[in-house]
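Everything below concerns the one structure shown next.
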Amino acid sequence: MKSFKLQHFDSLKAESAVEHWQKYLQSQVEAFFPEEYRLLKARGFDSKIKKVLDFGCGAGLFTRALRVMRKDLSVLAVDANEKMLESLWRSLVRYPDRKIMPKHWILGEEAAPQGVKDCQAVVLRYVLQHTKDPKSILINLRKHLKKGTLLFIIEEDDELYKMYPDIAVMRKLLSRFKKWGEKYGTNTTMGPLIPRLLSESGYKVQSCDVLCHTATNLGLKPLLDYYRLSLAILSSTAPDILSPKDAEDMNKDFLKAMKSNEEFFLFYPQIITVGKVS
Ligand SMILES: C[S@@+](CC[C@H](N)C(=O)[O-])C[C@H]1O[C@@H](n2cnc3c(N)ncnc32)[C@H](O)[C@@H]1O
């Protein structure tokens, strides 16, 4: 079934590219998780939820962060990319956690792993933007879930970035990401579409929030590290869009801009939507 074919992640086989993704996802979790979790909790991800499906868990970095906050939570962590899942397995060998169950699953192509129906909630974090047909994913996923199951979807919108002062290198990075998205069918402005997609796919929309992370709250360093890692992703997975030399120059420009602006404000938005299987 072609509509479920993954985009960028489908072709992601090179070890070095997977490594760059993992570092990037790790920095994303380290910087944003505390605020994300606070919002998820306020919107219903509470202690009544004992079993969750982490759909598109990747290397399981968010999964791990969830488990640190919730010792009583079981997580069925599924992903279609074997390399990503392998790295979750490896981390479980190093740091065992019996409440995380990794499973390979390509929704729509393979039968659902055991236990999906028992999950009271599903988390999809930065997954739908990488799929060709997000609505089919939501419709198909719904077939495997019980009525009342909650869906927590975390996405972004590159068009909502703001920075003061406006630095050229950041605009350049966003425009390269846009090109990368066009090449790999990744929709980097997916966030605002989610409520509509949910309601068209048989879910009742419960809430939609824009969570804005700022350099003022997080400190500039985590955000800076995050953007510098994103240069490594672009140059390692799409050197035709960003050559290693370009990435190096932009890295220097980032550092220069930070040094020359004593007060630099940066706003990174996440859009968190909650839906319920109706
Ligand atoms: C950017 S990663 C996000 C990983 C993780 N959720 C996080 O926040 O760190 C996106 C993941 O979604 C997975 N994915 C995309 N479409 C999928 C599908 N239809 N079924 C299972 N996994 C999927 C990819 O293989 C990839 O590992």
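Note on naming: chains are A, B, ... as they come in the structure tokens, residues start from 1 per chain, ligands start from 1 in the order shown.
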Skip range 216-224 of chain A itself and residues of its chain fewer than 4 positions away, then list as a list in words all residues within 7 Å of it, counting only C-alpha atoms.
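Contacts, with the query itself left out: Ala31, Arg228 and Phe265 of chain A.
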Could you name the residues that touch Gly275 in chain A at 12 Å or less, counting only C-alpha atoms, but leaving out those on the same chain fewer than 5 positions away, as a PyMOL selection string?
chain A and resi 43-45+121-124+138+142+147-154+194-208
Could you give me the residues within 6 Å of ligand 1, counting only C-alpha atoms and all ligand atoms, as a count of residues only?
21
For Tyr227 in chain A, please output as a ChimeraX atom specification all residues within 12 Å (counting only C-alpha atoms; exclusion window: fewer than 2 positions along the same chain).
/A:23-25,27-28,31,169-174,177,220-225,229-234,247,250-251,253-255,266,268
Only N, CA and C atoms, please: the residues just picked out, written as a short mmCIF file (atom, residue, chain, number, x, y, z; two decimals), in the first residue's frame.
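Saved to out_3.cif:
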data_model
loop_
_atom_site.label_atom_id
_atom_site.label_comp_id
_atom_site.auth_asym_id
_atom_site.auth_seq_id
_atom_site.Cartn_x
_atom_site.Cartn_y
_atom_site.Cartn_z
N LYS A 23 21.32 12.26 17.37
CA LYS A 23 21.87 13.38 18.15
C LYS A 23 20.89 14.54 18.13
N TYR A 24 20.33 14.78 16.95
CA TYR A 24 19.40 15.89 16.78
C TYR A 24 18.15 15.67 17.63
N LEU A 25 17.61 14.43 17.54
CA LEU A 25 16.40 14.12 18.33
C LEU A 25 16.70 14.19 19.82
N SER A 27 18.89 16.18 21.24
CA SER A 27 18.97 17.58 21.68
C SER A 27 17.57 18.19 21.73
N GLN A 28 16.70 17.72 20.84
CA GLN A 28 15.30 18.19 20.82
C GLN A 28 14.61 17.80 22.13
N ALA A 31 16.13 19.70 25.22
CA ALA A 31 15.74 21.11 25.34
C ALA A 31 14.25 21.26 25.66
N VAL A 169 21.66 33.99 8.94
CA VAL A 169 21.99 32.57 8.91
C VAL A 169 20.80 31.70 9.33
N MET A 170 19.97 32.24 10.22
CA MET A 170 18.79 31.49 10.66
C MET A 170 17.77 31.41 9.51
N ARG A 171 17.63 32.54 8.82
CA ARG A 171 16.70 32.52 7.67
C ARG A 171 17.20 31.54 6.60
N LYS A 172 18.52 31.51 6.42
CA LYS A 172 19.12 30.61 5.43
C LYS A 172 18.85 29.15 5.83
N LEU A 173 19.01 28.87 7.12
CA LEU A 173 18.77 27.49 7.59
C LEU A 173 17.31 27.07 7.34
N LEU A 174 16.39 27.98 7.64
CA LEU A 174 14.97 27.65 7.44
C LEU A 174 14.66 27.43 5.96
N PHE A 177 15.87 24.02 5.02
CA PHE A 177 14.98 23.00 5.56
C PHE A 177 13.72 22.88 4.70
N LEU A 220 20.37 30.32 25.67
CA LEU A 220 20.67 30.31 24.25
C LEU A 220 21.39 29.02 23.82
N LYS A 221 22.18 28.46 24.71
CA LYS A 221 23.05 27.35 24.32
C LYS A 221 22.27 26.13 23.79
N PRO A 222 21.24 25.66 24.51
CA PRO A 222 20.51 24.48 23.97
C PRO A 222 19.91 24.75 22.61
N LEU A 223 19.40 25.97 22.44
CA LEU A 223 18.80 26.28 21.13
C LEU A 223 19.88 26.36 20.06
N LEU A 224 20.99 26.96 20.43
CA LEU A 224 22.09 27.08 19.47
C LEU A 224 22.61 25.69 19.08
N ASP A 225 22.79 24.84 20.08
CA ASP A 225 23.26 23.46 19.79
C ASP A 225 22.28 22.74 18.87
N LEU A 229 23.13 21.24 15.21
CA LEU A 229 22.93 19.82 14.86
C LEU A 229 22.06 19.68 13.62
N SER A 230 21.13 20.62 13.47
CA SER A 230 20.27 20.51 12.28
C SER A 230 21.09 20.74 11.00
N LEU A 231 22.18 21.50 11.12
CA LEU A 231 23.07 21.66 9.95
C LEU A 231 23.72 20.31 9.61
N ALA A 232 24.09 19.57 10.65
CA ALA A 232 24.72 18.26 10.42
C ALA A 232 23.74 17.30 9.75
N ILE A 233 22.46 17.37 10.14
CA ILE A 233 21.45 16.50 9.51
C ILE A 233 21.33 16.82 8.03
N LEU A 234 21.18 18.13 7.75
CA LEU A 234 21.00 18.51 6.35
C LEU A 234 22.20 18.09 5.52
N ALA A 247 27.71 24.00 5.47
CA ALA A 247 27.31 23.76 6.87
C ALA A 247 28.36 24.33 7.81
N MET A 250 28.05 28.10 7.82
CA MET A 250 26.86 28.55 8.56
C MET A 250 27.05 28.37 10.06
N ASN A 251 27.73 27.33 10.41
CA ASN A 251 28.05 27.09 11.82
C ASN A 251 28.82 28.29 12.39
N ASP A 253 28.85 31.30 11.13
CA ASP A 253 27.97 32.48 11.13
C ASP A 253 27.05 32.48 12.35
N PHE A 254 26.59 31.29 12.72
CA PHE A 254 25.74 31.18 13.91
C PHE A 254 26.50 31.70 15.13
N LEU A 255 27.71 31.21 15.28
CA LEU A 255 28.51 31.59 16.46
C LEU A 255 28.79 33.10 16.45
N LEU A 266 14.96 34.22 20.67
CA LEU A 266 14.58 33.24 19.67
C LEU A 266 13.34 32.50 20.16
N TYR A 268 10.89 29.25 19.41
CA TYR A 268 10.69 28.00 18.67
C TYR A 268 9.34 27.40 19.07
#
Mind giving me the straight-line distance from CA of Asn261 in chain A to CA of Asp166 in chain A in Å, one decimal?
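Going from CA of Asn261 in chain A over to CA of Asp166 in chain A, I get 10.6 Å.
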Would you mind writing down, as a VMD selection string, each residue of range 64-238 of chain A that DSSP on the backbone assigns to strand (DSSP E)?
chain A and resid 74 to 79 100 to 104 121 to 125 150 to 156 162 to 164 203 to 214
Excluding Gln114 in chain A and residues on its chain fewer than 6 positions from it, collect all residues at most 12 Å away from it, counting only C-alpha atoms, and give them as number ranges by chain.
A: 53, 76-78, 101-105, 144
Just N, CA and C atoms for this one: save the residues we selected as a CSV table (one decimal), in the first residue's frame.
chain,number,residue,atom,x,y,z
A,53,LEU,N,0.9,4.1,23.5
A,53,LEU,CA,1.6,3.7,22.3
A,53,LEU,C,2.4,4.9,21.8
A,76,LEU,N,4.4,1.0,24.6
A,76,LEU,CA,4.6,0.2,23.5
A,76,LEU,C,5.2,1.1,22.4
A,77,ALA,N,6.5,0.9,22.1
A,77,ALA,CA,7.2,1.9,21.2
A,77,ALA,C,7.3,1.3,19.8
A,78,VAL,N,6.6,1.8,18.8
A,78,VAL,CA,6.7,1.2,17.5
A,78,VAL,C,7.3,2.2,16.5
A,101,MET,N,8.4,-1.5,25.5
A,101,MET,CA,8.4,-2.7,24.6
A,101,MET,C,8.5,-2.2,23.1
A,102,PRO,N,9.7,-2.3,22.5
A,102,PRO,CA,9.9,-1.8,21.2
A,102,PRO,C,9.3,-2.9,20.2
A,103,LYS,N,8.6,-2.4,19.2
A,103,LYS,CA,8.1,-3.3,18.1
A,103,LYS,C,8.2,-2.6,16.8
A,104,HIS,N,8.5,-3.5,15.8
A,104,HIS,CA,8.5,-3.0,14.4
A,104,HIS,C,7.1,-3.0,13.9
A,105,TRP,N,6.6,-1.9,13.3
A,105,TRP,CA,5.3,-1.8,12.8
A,105,TRP,C,5.2,-0.8,11.6
A,144,HIS,N,-7.4,0.6,15.0
A,144,HIS,CA,-6.8,-0.3,16.0
A,144,HIS,C,-7.0,0.1,17.5
Contact residues around Lys162 in chain A with only C-alpha atoms at 7 Å, ignoring same-chain residues under 2 positions, as a PyMOL selection string
chain A and resi 160+164+266-267
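Atom to atom, CA of Pro165 in chain A and CA of Asp249 in chain A stand 19.9 Å apart.
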I'd like the contact shell of Leu92 in chain A - 10 Å cut-off, only C-alpha atoms, skipping same-chain residues fewer than 5 positions apart - returned as a PyMOL selection string.
chain A and resi 60+64+86-87+97-98+100-102
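Taking the backbone of this structure through DSSP, the residues of range 115-144 of chain A that come out as alpha helix (DSSP H) are Pro134, Lys135, Ser136, Ile137, Leu138, Ile139, Asn140, Leu141, Arg142 and Lys143 of chain A.
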Keeping C-alpha atoms for every residue in the selection just given, could you write it to a file as a compact mmCIF listing (two decimals), in the first residue's frame?
# COMPACT_ATOMS: atom_id res chain seq x y z
CA PRO A 134 -1.08 11.76 7.33
CA LYS A 135 -4.85 11.47 7.10
CA SER A 136 -4.62 7.79 6.09
CA ILE A 137 -2.30 7.21 9.04
CA LEU A 138 -4.86 8.72 11.42
CA ILE A 139 -7.79 6.86 9.86
CA ASN A 140 -5.93 3.54 9.91
CA LEU A 141 -4.60 4.01 13.40
CA ARG A 142 -8.12 4.67 14.64
CA LYS A 143 -9.17 1.17 13.48
Of the listed residues A:Cys119, A:Ala111, A:Leu88, A:Met190, that which approaches Ile49 in chain A most closely, counting only C-alpha atoms:
A:Cys119
Using only C-alpha atoms, which of A:Pro269, A:Pro239, A:Pro244, A:Pro96 sits nearest Val210 in chain A?
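For Val210 in chain A, the nearest of the given residues is A:Pro269.
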Pick from A:Glu182, A:Glu263, A:Asp118, A:Asp72: nearest to Lys50 in chain A, with only C-alpha atoms counted?
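Counting only C-alpha atoms, the residue closest to Lys50 in chain A is A:Asp72.
Across the structure, CA of Ala17 in chain A and CA of Ala168 in chain A are spaced 26.3 Å apart.
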